[in-house]
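One file, data_15.pdb, carrying PDB, C-alpha atoms:
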ATOM      1  CA  MET A   1     -10.437 -21.979   2.929
ATOM      2  CA  ASP A   2      -8.193 -23.405   5.640
ATOM      3  CA  THR A   3      -5.636 -20.720   6.466
ATOM      4  CA  LYS A   4      -3.697 -22.585   9.168
ATOM      5  CA  GLU A   5      -0.877 -23.560   6.829
ATOM      6  CA  SER A   6      -0.976 -20.596   4.442
ATOM      7  CA  TYR A   7       0.127 -16.998   4.884
ATOM      8  CA  ALA A   8      -0.648 -13.401   4.008
ATOM      9  CA  VAL A   9       2.301 -11.194   3.005
ATOM     10  CA  VAL A  10       2.143  -7.528   4.027
ATOM     11  CA  THR A  11       4.826  -5.089   2.877
ATOM     12  CA  GLY A  12       5.427  -1.878   4.802
ATOM     13  CA  ALA A  13       4.005  -3.680   7.827
ATOM     14  CA  SER A  14       5.780  -1.862  10.655
ATOM     15  CA  GLN A  15       3.436   1.129  11.001
ATOM     16  CA  GLY A  16       0.403   2.939   9.675
ATOM     17  CA  LEU A  17      -1.829   1.137   7.197
ATOM     18  CA  GLY A  18       0.544  -1.827   6.827
ATOM     19  CA  LYS A  19       0.487  -2.522  10.551
ATOM     20  CA  ALA A  20      -3.294  -2.145  10.564
ATOM     21  CA  PHE A  21      -3.554  -4.682   7.720
ATOM     22  CA  ALA A  22      -1.405  -7.156   9.661
ATOM     23  CA  GLU A  23      -3.440  -6.749  12.851
ATOM     24  CA  ASN A  24      -6.737  -7.118  11.002
ATOM     25  CA  LEU A  25      -5.630 -10.296   9.227
ATOM     26  CA  ALA A  26      -4.235 -11.754  12.449
ATOM     27  CA  GLY A  27      -7.582 -11.033  14.099
ATOM     28  CA  LYS A  28      -9.171 -13.238  11.424
ATOM     29  CA  ASN A  29      -6.827 -16.095  12.385
ATOM     30  CA  ILE A  30      -4.659 -15.630   9.286
ATOM     31  CA  ASN A  31      -0.879 -16.069   9.521
ATOM     32  CA  VAL A  32       0.979 -12.951   8.381
ATOM     33  CA  ILE A  33       4.494 -12.406   7.055
ATOM     34  CA  LEU A  34       5.670  -8.929   7.988
ATOM     35  CA  ILE A  35       7.967  -7.071   5.583
ATOM     36  CA  SER A  36       9.573  -3.722   6.386
ATOM     37  CA  LEU A  37      12.812  -1.766   6.591
ATOM     38  CA  PRO A  38      15.378  -2.723   9.260
ATOM     39  CA  GLY A  39      15.110  -0.851  12.554
ATOM     40  CA  GLN A  40      11.303  -0.586  12.547
ATOM     41  CA  GLN A  41      10.571  -2.796  15.599
ATOM     42  CA  LEU A  42       9.268  -5.571  13.356
ATOM     43  CA  LYS A  43      10.385  -8.282  15.781
ATOM     44  CA  GLU A  44       8.318  -6.722  18.550
ATOM     45  CA  LEU A  45       5.257  -6.506  16.303
ATOM     46  CA  SER A  46       5.707 -10.137  15.272
ATOM     47  CA  ARG A  47       5.841 -11.262  18.908
ATOM     48  CA  GLN A  48       2.826  -9.123  19.797
ATOM     49  CA  LEU A  49       0.683 -10.577  16.996
ATOM     50  CA  GLU A  50       1.680 -14.156  17.791
ATOM     51  CA  GLU A  51       0.927 -13.758  21.507
ATOM     52  CA  THR A  52      -2.316 -11.835  21.047
ATOM     53  CA  TYR A  53      -3.900 -13.750  18.176
ATOM     54  CA  ARG A  54      -2.170 -17.142  18.410
ATOM     55  CA  ILE A  55      -1.115 -17.069  14.780
ATOM     56  CA  ARG A  56       2.312 -17.240  13.146
ATOM     57  CA  ALA A  57       3.935 -13.946  12.168
ATOM     58  CA  PRO A  58       7.420 -14.415  10.676
ATOM     59  CA  TYR A  59       9.136 -11.221   9.574
ATOM     60  CA  TYR A  60      11.748 -10.094   7.066
ATOM     61  CA  GLU A  61      13.648  -6.814   7.190
ATOM     62  CA  THR A  62      14.908  -5.364   3.926
ATOM     63  CA  ASP A  63      15.102  -2.254   1.756
ATOM     64  CA  LEU A  64      12.676  -2.716  -1.146
ATOM     65  CA  SER A  65      14.276   0.086  -3.155
ATOM     66  CA  VAL A  66      17.054  -2.369  -4.123
ATOM     67  CA  ASN A  67      15.981  -4.884  -6.782
ATOM     68  CA  GLU A  68      18.371  -7.574  -5.535
ATOM     69  CA  ASN A  69      16.769  -7.365  -2.081
ATOM     70  CA  VAL A  70      13.308  -7.805  -3.595
ATOM     71  CA  LEU A  71      14.375 -10.932  -5.481
ATOM     72  CA  LYS A  72      16.035 -12.411  -2.377
ATOM     73  CA  LEU A  73      12.866 -11.726  -0.385
ATOM     74  CA  THR A  74      10.572 -13.393  -2.907
ATOM     75  CA  GLU A  75      12.912 -16.378  -3.251
ATOM     76  CA  TRP A  76      12.744 -16.873   0.537
ATOM     77  CA  LEU A  77       8.965 -16.506   0.539
ATOM     78  CA  ASN A  78       8.435 -19.006  -2.260
ATOM     79  CA  LYS A  79      10.779 -21.568  -0.719
ATOM     80  CA  SER A  80       9.313 -21.282   2.771
ATOM     81  CA  PHE A  81       5.580 -20.586   2.575
ATOM     82  CA  ARG A  82       2.258 -21.188   0.889
ATOM     83  CA  ILE A  83       0.907 -17.715   0.199
ATOM     84  CA  HIS A  84      -2.768 -16.951  -0.419
ATOM     85  CA  ILE A  85      -2.811 -13.180   0.216
ATOM     86  CA  LEU A  86      -0.382 -10.504  -0.979
ATOM     87  CA  ILE A  87      -0.827  -6.910   0.174
ATOM     88  CA  ASN A  88       1.542  -4.527  -1.603
ATOM     89  CA  ASN A  89       1.324  -1.673   0.879
ATOM     90  CA  ALA A  90       4.922  -0.381   1.006
ATOM     91  CA  GLY A  91       5.235   3.011  -0.617
ATOM     92  CA  LEU A  92       6.999   6.348  -0.380
ATOM     93  CA  GLY A  93       5.592   9.834  -0.827
ATOM     94  CA  GLY A  94       7.267  13.083   0.060
ATOM     95  CA  THR A  95       6.770  16.750  -0.718
ATOM     96  CA  GLN A  96       9.547  18.654  -2.440
ATOM     97  CA  LYS A  97      10.258  21.025  -5.295
ATOM     98  CA  PHE A  98      11.256  18.803  -8.208
ATOM     99  CA  VAL A  99      14.238  20.985  -9.083
ATOM    100  CA  GLU A 100      15.579  20.543  -5.525
ATOM    101  CA  ALA A 101      15.019  16.772  -5.369
ATOM    102  CA  SER A 102      18.080  14.531  -5.454
ATOM    103  CA  PRO A 103      18.407  11.667  -7.964
ATOM    104  CA  ALA A 104      18.316   9.248  -5.020
ATOM    105  CA  TYR A 105      15.023  10.740  -3.788
ATOM    106  CA  ILE A 106      13.373  10.315  -7.202
ATOM    107  CA  ASN A 107      14.806   6.846  -7.776
ATOM    108  CA  THR A 108      13.774   5.528  -4.342
ATOM    109  CA  ILE A 109      10.134   6.553  -4.798
ATOM    110  CA  LEU A 110       9.974   4.866  -8.197
ATOM    111  CA  GLN A 111      11.820   1.749  -7.061
ATOM    112  CA  VAL A 112       9.588   1.153  -4.022
ATOM    113  CA  ASN A 113       6.238   2.283  -5.429
ATOM    114  CA  VAL A 114       6.532   0.931  -8.968
ATOM    115  CA  THR A 115       9.339  -1.610  -9.386
ATOM    116  CA  ALA A 116       9.117  -3.426  -6.033
ATOM    117  CA  THR A 117       5.337  -3.782  -6.279
ATOM    118  CA  SER A 118       5.606  -5.152  -9.822
ATOM    119  CA  LEU A 119       8.473  -7.542  -9.044
ATOM    120  CA  ILE A 120       6.978  -8.897  -5.807
ATOM    121  CA  THR A 121       3.682  -9.548  -7.544
ATOM    122  CA  HIS A 122       5.403 -11.210 -10.514
ATOM    123  CA  GLN A 123       7.610 -13.443  -8.387
ATOM    124  CA  LEU A 124       4.874 -14.531  -5.963
ATOM    125  CA  LEU A 125       2.126 -15.052  -8.528
ATOM    126  CA  PRO A 126       3.033 -18.714  -9.283
ATOM    127  CA  ASN A 127       2.760 -19.408  -5.525
ATOM    128  CA  LEU A 128      -0.622 -17.659  -5.325
ATOM    129  CA  LEU A 129      -1.903 -19.556  -8.377
ATOM    130  CA  LYS A 130      -1.237 -22.876  -6.598
ATOM    131  CA  GLN A 131      -3.648 -22.071  -3.750
ATOM    132  CA  PRO A 132      -7.374 -22.933  -3.769
ATOM    133  CA  GLU A 133      -8.150 -19.221  -3.742
ATOM    134  CA  ALA A 134      -5.860 -16.218  -3.439
ATOM    135  CA  TYR A 135      -5.959 -12.427  -3.276
ATOM    136  CA  ILE A 136      -3.726  -9.522  -4.247
ATOM    137  CA  LEU A 137      -4.403  -6.056  -2.838
ATOM    138  CA  ASN A 138      -2.325  -3.165  -4.156
ATOM    139  CA  VAL A 139      -2.380   0.152  -2.307
ATOM    140  CA  SER A 140      -2.622   3.082  -4.690
ATOM    141  CA  SER A 141      -3.809   6.559  -3.658
ATOM    142  CA  MET A 142      -6.354   9.279  -4.372
ATOM    143  CA  ALA A 143      -3.324  11.017  -5.888
ATOM    144  CA  ALA A 144      -3.555   8.520  -8.753
ATOM    145  CA  PHE A 145      -6.433  10.564 -10.185
ATOM    146  CA  SER A 146      -4.607  13.875 -10.552
ATOM    147  CA  PRO A 147      -1.107  15.230 -11.091
ATOM    148  CA  ILE A 148       0.090  17.412  -8.198
ATOM    149  CA  GLY A 149       2.772  20.073  -8.218
ATOM    150  CA  PHE A 150       5.486  19.719  -5.542
ATOM    151  CA  LYS A 151       4.838  15.954  -5.466
ATOM    152  CA  THR A 152       5.181  15.209  -9.218
ATOM    153  CA  VAL A 153       6.727  11.710  -8.973
ATOM    154  CA  TYR A 154       4.429  10.273  -6.269
ATOM    155  CA  PRO A 155       1.058  10.713  -8.058
ATOM    156  CA  ALA A 156       2.598   9.370 -11.263
ATOM    157  CA  SER A 157       3.789   6.250  -9.416
ATOM    158  CA  LYS A 158       0.335   5.694  -7.903
ATOM    159  CA  THR A 159      -1.312   6.123 -11.321
ATOM    160  CA  PHE A 160       0.910   3.251 -12.426
ATOM    161  CA  ILE A 161      -0.240   1.099  -9.473
ATOM    162  CA  HIS A 162      -3.905   1.735 -10.258
ATOM    163  CA  SER A 163      -3.467   0.920 -13.959
ATOM    164  CA  PHE A 164      -1.257  -2.110 -13.227
ATOM    165  CA  SER A 165      -3.823  -3.513 -10.787
ATOM    166  CA  ARG A 166      -6.774  -3.049 -13.135
ATOM    167  CA  GLY A 167      -4.906  -4.715 -15.971
ATOM    168  CA  LEU A 168      -3.770  -7.639 -13.820
ATOM    169  CA  HIS A 169      -7.299  -8.090 -12.471
ATOM    170  CA  GLU A 170      -8.589  -8.477 -16.022
ATOM    171  CA  GLU A 171      -5.762 -10.842 -16.969
ATOM    172  CA  LEU A 172      -6.369 -13.112 -13.956
ATOM    173  CA  LYS A 173     -10.167 -12.932 -13.775
ATOM    174  CA  ASP A 174     -10.580 -16.559 -14.907
ATOM    175  CA  THR A 175      -8.053 -17.875 -12.361
ATOM    176  CA  ASN A 176      -8.177 -18.447  -8.602
ATOM    177  CA  VAL A 177      -6.321 -15.154  -7.940
ATOM    178  CA  PHE A 178      -8.461 -12.077  -7.368
ATOM    179  CA  VAL A 179      -6.755  -8.689  -7.776
ATOM    180  CA  SER A 180      -7.952  -5.478  -6.139
ATOM    181  CA  VAL A 181      -6.664  -1.940  -5.701
ATOM    182  CA  VAL A 182      -7.479   0.620  -3.032
ATOM    183  CA  ASN A 183      -7.108   4.378  -3.449
ATOM    184  CA  PRO A 184      -7.104   5.930   0.036
ATOM    185  CA  GLY A 185      -6.284   9.499   0.914
ATOM    186  CA  ALA A 186      -3.895  10.750   3.600
ATOM    187  CA  MET A 187      -3.899   8.781   6.861
ATOM    188  CA  LYS A 188      -3.066   9.324  10.514
ATOM    189  CA  THR A 189       0.011   7.103  10.383
ATOM    190  CA  ASN A 190       2.070   9.131  12.893
ATOM    191  CA  LYS A 191       2.245  12.601  14.478
ATOM    192  CA  ASP A 192       4.588  13.994  11.823
ATOM    193  CA  VAL A 193       2.268  12.977   8.995
ATOM    194  CA  CYS A 194      -0.766  14.432  10.779
ATOM    195  CA  LYS A 195       1.003  17.765  11.306
ATOM    196  CA  ARG A 196       2.178  17.826   7.694
ATOM    197  CA  ILE A 197      -1.304  17.152   6.316
ATOM    198  CA  GLU A 198      -2.946  19.678   8.622
ATOM    199  CA  LYS A 199      -0.619  22.354   7.233
ATOM    200  CA  GLN A 200      -2.469  21.952   3.939
ATOM    201  CA  GLY A 201      -5.460  23.678   5.518
ATOM    202  CA  ILE A 202      -9.117  22.623   5.602
ATOM    203  CA  LEU A 203      -8.744  20.299   2.596
ATOM    204  CA  GLY A 204      -6.052  18.290   4.354
ATOM    205  CA  LYS A 205      -7.932  18.042   7.657
ATOM    206  CA  LEU A 206     -11.185  16.910   6.039
ATOM    207  CA  THR A 207      -9.575  14.072   4.098
ATOM    208  CA  LEU A 208      -7.392  12.608   6.906
ATOM    209  CA  LEU A 209      -8.271   8.931   7.469
ATOM    210  CA  ASP A 210      -7.832   6.418  10.302
ATOM    211  CA  PRO A 211      -5.616   3.483   9.171
ATOM    212  CA  ASP A 212      -7.410   0.904  11.344
ATOM    213  CA  LYS A 213     -10.770   1.741   9.782
ATOM    214  CA  VAL A 214      -9.261   1.803   6.293
ATOM    215  CA  ALA A 215      -7.605  -1.605   6.786
ATOM    216  CA  ALA A 216     -10.780  -3.204   8.148
ATOM    217  CA  TYR A 217     -12.848  -1.880   5.245
ATOM    218  CA  CYS A 218     -10.263  -2.929   2.649
ATOM    219  CA  ILE A 219      -9.984  -6.501   3.926
ATOM    220  CA  ARG A 220     -13.765  -6.817   4.072
ATOM    221  CA  GLN A 221     -14.152  -5.544   0.501
ATOM    222  CA  LEU A 222     -11.248  -7.669  -0.734
ATOM    223  CA  PHE A 223     -12.956 -10.841   0.470
ATOM    224  CA  ARG A 224     -16.179  -9.578  -1.140
ATOM    225  CA  ARG A 225     -14.203  -9.408  -4.388
ATOM    226  CA  ASP A 226     -14.424  -5.675  -4.894
ATOM    227  CA  SER A 227     -11.874  -4.917  -7.615
ATOM    228  CA  VAL A 228     -11.619  -1.155  -6.958
ATOM    229  CA  ILE A 229     -11.966  -0.244  -3.280
ATOM    230  CA  MET A 230     -12.932   3.354  -2.581
ATOM    231  CA  VAL A 231     -12.471   4.231   1.074
ATOM    232  CA  ASN A 232     -13.650   7.815   0.660
ATOM    233  CA  PRO A 233     -16.188   7.826  -2.220
ATOM    234  CA  VAL A 234     -16.997  11.542  -1.830
ATOM    235  CA  SER A 235     -13.355  12.527  -2.408
ATOM    236  CA  TRP A 236     -13.168  10.098  -5.313
ATOM    237  CA  LEU A 237     -16.313  11.577  -6.893
ATOM    238  CA  VAL A 238     -14.913  15.093  -6.558
ATOM    239  CA  MET A 239     -11.652  13.982  -8.155
ATOM    240  CA  LYS A 240     -13.518  12.344 -11.050
ATOM    241  CA  ILE A 241     -15.922  15.232 -11.664
ATOM    242  CA  LEU A 242     -13.539  18.180 -11.358
ATOM    243  CA  PRO A 243     -11.753  18.997 -14.631
ATOM    244  CA  ILE A 244      -7.962  18.873 -14.563
ATOM    245  CA  TRP A 245      -7.646  22.661 -14.968
ATOM    246  CA  ILE A 246      -9.448  23.074 -11.618
ATOM    247  CA  LYS A 247      -8.143  20.185  -9.482
ATOM    248  CA  LEU A 248      -4.476  20.469 -10.529
ATOM    249  CA  PRO A 249      -3.983  24.061  -9.265
ATOM    250  CA  LEU A 250      -6.284  23.397  -6.279
ATOM    251  CA  MET A 251      -4.282  20.424  -5.046
ATOM    252  CA  THR A 252      -0.956  22.024  -5.895
ATOM    253  CA  SER A 253      -1.949  25.074  -3.836
ATOM    254  CA  ALA A 254      -2.703  22.841  -0.833
ATOM    255  CA  ILE A 255       0.706  21.149  -1.107
ATOM    256  CA  LYS A 256       2.427  24.513  -1.522
ATOM    257  CA  LYS A 257       0.924  25.589   1.827
ATOM    258  CA  GLU A 258       2.522  22.531   3.386
ATOM    259  CA  ILE A 259       5.958  23.496   2.029
ATOM    260  CA  GLU A 260       5.630  27.121   3.074
ATOM    261  CA  ALA A 261       4.483  26.137   6.556
TER     262      ALA A 261
END

Rewrite the structure from the file as structure tokens, please.
Amino acid sequence: MDTKESYAVVTGASQGLGKAFAENLAGKNINVILISLPGQQLKELSRQLEETYRIRAPYYETDLSVNENVLKLTEWLNKSFRIHILINNAGLGGTQKFVEASPAYINTILQVNVTATSLITHQLLPNLLKQPEAYILNVSSMAAFSPIGFKTVYPASKTFIHSFSRGLHEELKDTNVFVSVVNPGAMKTNKDVCKRIEKQGILGKLTLLDPDKVAAYCIRQLFRRDSVIMVNPVSWLVMKILPIWIKLPLMTSAIKKEIEA
């Protein structure tokens, strides 16, 4: 389809996988709308993409943990743009003892990972349905396939994203909107994340992924209409085969090492 007048929306676009998604789409001559928190150098990224790839890259800075902000964002998007791709990438993790977590910490993870993804998708879906063909890609996690101690809320939120995406895919399968979900593992988003993952030991080091490669693979599979994208099939197979009484303590032990380190 002609993408000169339509746009792809990428949330959490300032760094890591979100930035890689934006760069990959721009490289395919697709206009991208960058969404991220304030103070994340989004203006600079927008200028860089427009100058390098000769596409349009408007941006919008907001905190997606506030429902009112999400609704204002989607109102602006619907009034201003034709949207044929939505990538719900924004998400929050964190490692902490549940008893020590603050209410704000718990609420923010749920608001960004669960509520914002659901609301953005709901509000933009009429726009997507108007296009000749459209795509939704939701970013879940390998954590969706197992509970994990010392993370507790994060895996539960990603299980929601996986289930939500599969259900929406089935609901929209006879429309022009194709829905997919990707379940990547930990990625080399920045130095702090790399150090944190490496503290988990061999398991953490072996599963660390490159965001540029993940983004390229995801976009390719999305356009091939792959409804469940598995970036690391070996890890996925292990997660599916291992019984819960083995993988739950195994993964919890790895996260505990991270806390103790």

Compile a residue-level contact table for region 29-125 of chain A against region 166-189 of chain A at a cut-off of 12 Å, reporting for every qualifying residue the shortest atom pair and its distance in Å to one decimal, with all atoms listed in the file counted, rows ordered by chain and ascending number, as JSON lines.
{"residue": "A:Ile83", "atom": "CA", "partner": "A:Val177", "partner_atom": "CA", "distance": 11.2}
{"residue": "A:His84", "atom": "CA", "partner": "A:Val177", "partner_atom": "CA", "distance": 8.5}
{"residue": "A:Ile85", "atom": "CA", "partner": "A:Val177", "partner_atom": "CA", "distance": 9.1}
{"residue": "A:Leu86", "atom": "CA", "partner": "A:Val179", "partner_atom": "CA", "distance": 9.5}
{"residue": "A:Ile87", "atom": "CA", "partner": "A:Ser180", "partner_atom": "CA", "distance": 9.6}
{"residue": "A:Asn88", "atom": "CA", "partner": "A:Val181", "partner_atom": "CA", "distance": 9.5}
{"residue": "A:Asn89", "atom": "CA", "partner": "A:Val182", "partner_atom": "CA", "distance": 9.9}
{"residue": "A:Gly93", "atom": "CA", "partner": "A:Ala186", "partner_atom": "CA", "distance": 10.5}
{"residue": "A:Gly94", "atom": "CA", "partner": "A:Ala186", "partner_atom": "CA", "distance": 11.9}
{"residue": "A:Ser118", "atom": "CA", "partner": "A:Leu168", "partner_atom": "CA", "distance": 10.5}
{"residue": "A:Thr121", "atom": "CA", "partner": "A:Leu168", "partner_atom": "CA", "distance": 9.9}
{"residue": "A:His122", "atom": "CA", "partner": "A:Leu168", "partner_atom": "CA", "distance": 10.4}
{"residue": "A:Leu124", "atom": "CA", "partner": "A:Val177", "partner_atom": "CA", "distance": 11.4}
{"residue": "A:Leu125", "atom": "CA", "partner": "A:Val177", "partner_atom": "CA", "distance": 8.5}

Shell around Gly18 (chain A) at 10 Å using all atoms listed in the file, local window under 4 positions removed, as an mmCIF file with C-alpha atoms, in the frame of the given file:
data_model
loop_
_atom_site.group_PDB
_atom_site.id
_atom_site.type_symbol
_atom_site.label_atom_id
_atom_site.label_comp_id
_atom_site.auth_asym_id
_atom_site.auth_seq_id
_atom_site.Cartn_x
_atom_site.Cartn_y
_atom_site.Cartn_z
ATOM 1 C CA VAL A 10 2.143 -7.528 4.027
ATOM 2 C CA THR A 11 4.826 -5.089 2.877
ATOM 3 C CA GLY A 12 5.427 -1.878 4.802
ATOM 4 C CA ALA A 13 4.005 -3.680 7.827
ATOM 5 C CA SER A 14 5.780 -1.862 10.655
ATOM 6 C CA ALA A 22 -1.405 -7.156 9.661
ATOM 7 C CA GLU A 23 -3.440 -6.749 12.851
ATOM 8 C CA ASN A 24 -6.737 -7.118 11.002
ATOM 9 C CA LEU A 34 5.670 -8.929 7.988
ATOM 10 C CA ILE A 35 7.967 -7.071 5.583
ATOM 11 C CA SER A 36 9.573 -3.722 6.386
ATOM 12 C CA ILE A 87 -0.827 -6.910 0.174
ATOM 13 C CA ASN A 88 1.542 -4.527 -1.603
ATOM 14 C CA ASN A 89 1.324 -1.673 0.879
ATOM 15 C CA ALA A 90 4.922 -0.381 1.006
ATOM 16 C CA VAL A 139 -2.380 0.152 -2.307
ATOM 17 C CA THR A 189 0.011 7.103 10.383
ATOM 18 C CA PRO A 211 -5.616 3.483 9.171
ATOM 19 C CA ASP A 212 -7.410 0.904 11.344
ATOM 20 C CA ALA A 215 -7.605 -1.605 6.786
#

Taking into account only C-alpha atoms, which residue in the set A:Val9, A:Ala101, A:Leu49, A:Leu92 is nearest to Ile120 (chain A)?
->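 Looking at the shortest contact to Ile120 (chain A), the residue is A:Val9.
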
Between CA of Pro126 (chain A) and CA of Arg56 (chain A) - distance in Å to one decimal =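 Those two atoms sit 22.5 Å apart.
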
Exactly which residues make up the result of the PyMOL selection byres ((chain A and resi 147-159) around 10) on this file, given as a PyMOL selection string?
-> chain A and resi 91-99+101+105-107+109-115+138-146+160-165+183+244+247-256+258-259

Give me a file of those residues, with C-alpha atoms, as a tab-separated table (two decimals), keeping the file's coordinate frame.
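The file below, again.tsv, is the result:
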chain	number	residue	atom	x	y	z
A	91	GLY	CA	5.24	3.01	-0.62
A	92	LEU	CA	7.00	6.35	-0.38
A	93	GLY	CA	5.59	9.83	-0.83
A	94	GLY	CA	7.27	13.08	0.06
A	95	THR	CA	6.77	16.75	-0.72
A	96	GLN	CA	9.55	18.65	-2.44
A	97	LYS	CA	10.26	21.02	-5.30
A	98	PHE	CA	11.26	18.80	-8.21
A	99	VAL	CA	14.24	20.98	-9.08
A	101	ALA	CA	15.02	16.77	-5.37
A	105	TYR	CA	15.02	10.74	-3.79
A	106	ILE	CA	13.37	10.32	-7.20
A	107	ASN	CA	14.81	6.85	-7.78
A	109	ILE	CA	10.13	6.55	-4.80
A	110	LEU	CA	9.97	4.87	-8.20
A	111	GLN	CA	11.82	1.75	-7.06
A	112	VAL	CA	9.59	1.15	-4.02
A	113	ASN	CA	6.24	2.28	-5.43
A	114	VAL	CA	6.53	0.93	-8.97
A	115	THR	CA	9.34	-1.61	-9.39
A	138	ASN	CA	-2.33	-3.16	-4.16
A	139	VAL	CA	-2.38	0.15	-2.31
A	140	SER	CA	-2.62	3.08	-4.69
A	141	SER	CA	-3.81	6.56	-3.66
A	142	MET	CA	-6.35	9.28	-4.37
A	143	ALA	CA	-3.32	11.02	-5.89
A	144	ALA	CA	-3.56	8.52	-8.75
A	145	PHE	CA	-6.43	10.56	-10.18
A	146	SER	CA	-4.61	13.88	-10.55
A	160	PHE	CA	0.91	3.25	-12.43
A	161	ILE	CA	-0.24	1.10	-9.47
A	162	HIS	CA	-3.90	1.74	-10.26
A	163	SER	CA	-3.47	0.92	-13.96
A	164	PHE	CA	-1.26	-2.11	-13.23
A	165	SER	CA	-3.82	-3.51	-10.79
A	183	ASN	CA	-7.11	4.38	-3.45
A	244	ILE	CA	-7.96	18.87	-14.56
A	247	LYS	CA	-8.14	20.18	-9.48
A	248	LEU	CA	-4.48	20.47	-10.53
A	249	PRO	CA	-3.98	24.06	-9.26
A	250	LEU	CA	-6.28	23.40	-6.28
A	251	MET	CA	-4.28	20.42	-5.05
A	252	THR	CA	-0.96	22.02	-5.90
A	253	SER	CA	-1.95	25.07	-3.84
A	254	ALA	CA	-2.70	22.84	-0.83
A	255	ILE	CA	0.71	21.15	-1.11
A	256	LYS	CA	2.43	24.51	-1.52
A	258	GLU	CA	2.52	22.53	3.39
A	259	ILE	CA	5.96	23.50	2.03

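Here CA of Val32 (chain A) stands at a distance of 5.4 Å from CA of Tyr7 (chain A).
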
Please, what distance in Å, to one decimal, runs between CA of Leu25 (chain A) and CA of Arg225 (chain A)?
->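 Interatomic distance, CA of Leu25 (chain A) to CA of Arg225 (chain A): 16.1 Å.
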
If I put a ball of radius 10 Å at (8.0, -6.4, 14.7) in the file's coordinates, which residues poke into it when counting all atoms listed in the file, written as a compact mmCIF listing (two decimals) with C-alpha atoms, in the coordinates of the input?
# COMPACT_ATOMS: atom_id res chain seq x y z
CA ALA A 13 4.00 -3.68 7.83
CA SER A 14 5.78 -1.86 10.66
CA GLN A 15 3.44 1.13 11.00
CA LYS A 19 0.49 -2.52 10.55
CA LEU A 34 5.67 -8.93 7.99
CA ILE A 35 7.97 -7.07 5.58
CA SER A 36 9.57 -3.72 6.39
CA PRO A 38 15.38 -2.72 9.26
CA GLY A 39 15.11 -0.85 12.55
CA GLN A 40 11.30 -0.59 12.55
CA GLN A 41 10.57 -2.80 15.60
CA LEU A 42 9.27 -5.57 13.36
CA LYS A 43 10.38 -8.28 15.78
CA GLU A 44 8.32 -6.72 18.55
CA LEU A 45 5.26 -6.51 16.30
CA SER A 46 5.71 -10.14 15.27
CA ARG A 47 5.84 -11.26 18.91
CA GLN A 48 2.83 -9.12 19.80
CA LEU A 49 0.68 -10.58 17.00
CA ALA A 57 3.94 -13.95 12.17
CA PRO A 58 7.42 -14.42 10.68
CA TYR A 59 9.14 -11.22 9.57
CA TYR A 60 11.75 -10.09 7.07
CA GLU A 61 13.65 -6.81 7.19

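Comparing the minimum interatomic distances between Ile229 (chain A) and each of A:Ile241, A:Thr74, A:Ala104, A:Leu137, counting all atoms listed in the file, we find that A:Leu137 sits nearest.
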
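Considering all atoms listed in the file, the residue among A:Val231, A:Ala8, A:Leu209, A:Ile246 positioned nearest to Asn127 (chain A) is A:Ala8.
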
Once you add 8 Å to each side, what are the centre and edge lengths of the axis-aligned box holding all listed atoms of region 81-100 of chain A? One decimal in Å, as JSON, if you can.
{"center_x": 6.4, "center_y": -0.1, "center_z": -3.3, "size_x": 34.4, "size_y": 58.2, "size_z": 27.7}

Counting all atoms listed in the file, the residue among A:Leu119, A:Val238, A:Ile30, A:Met230 that lies closest to Leu73 (chain A) is A:Leu119
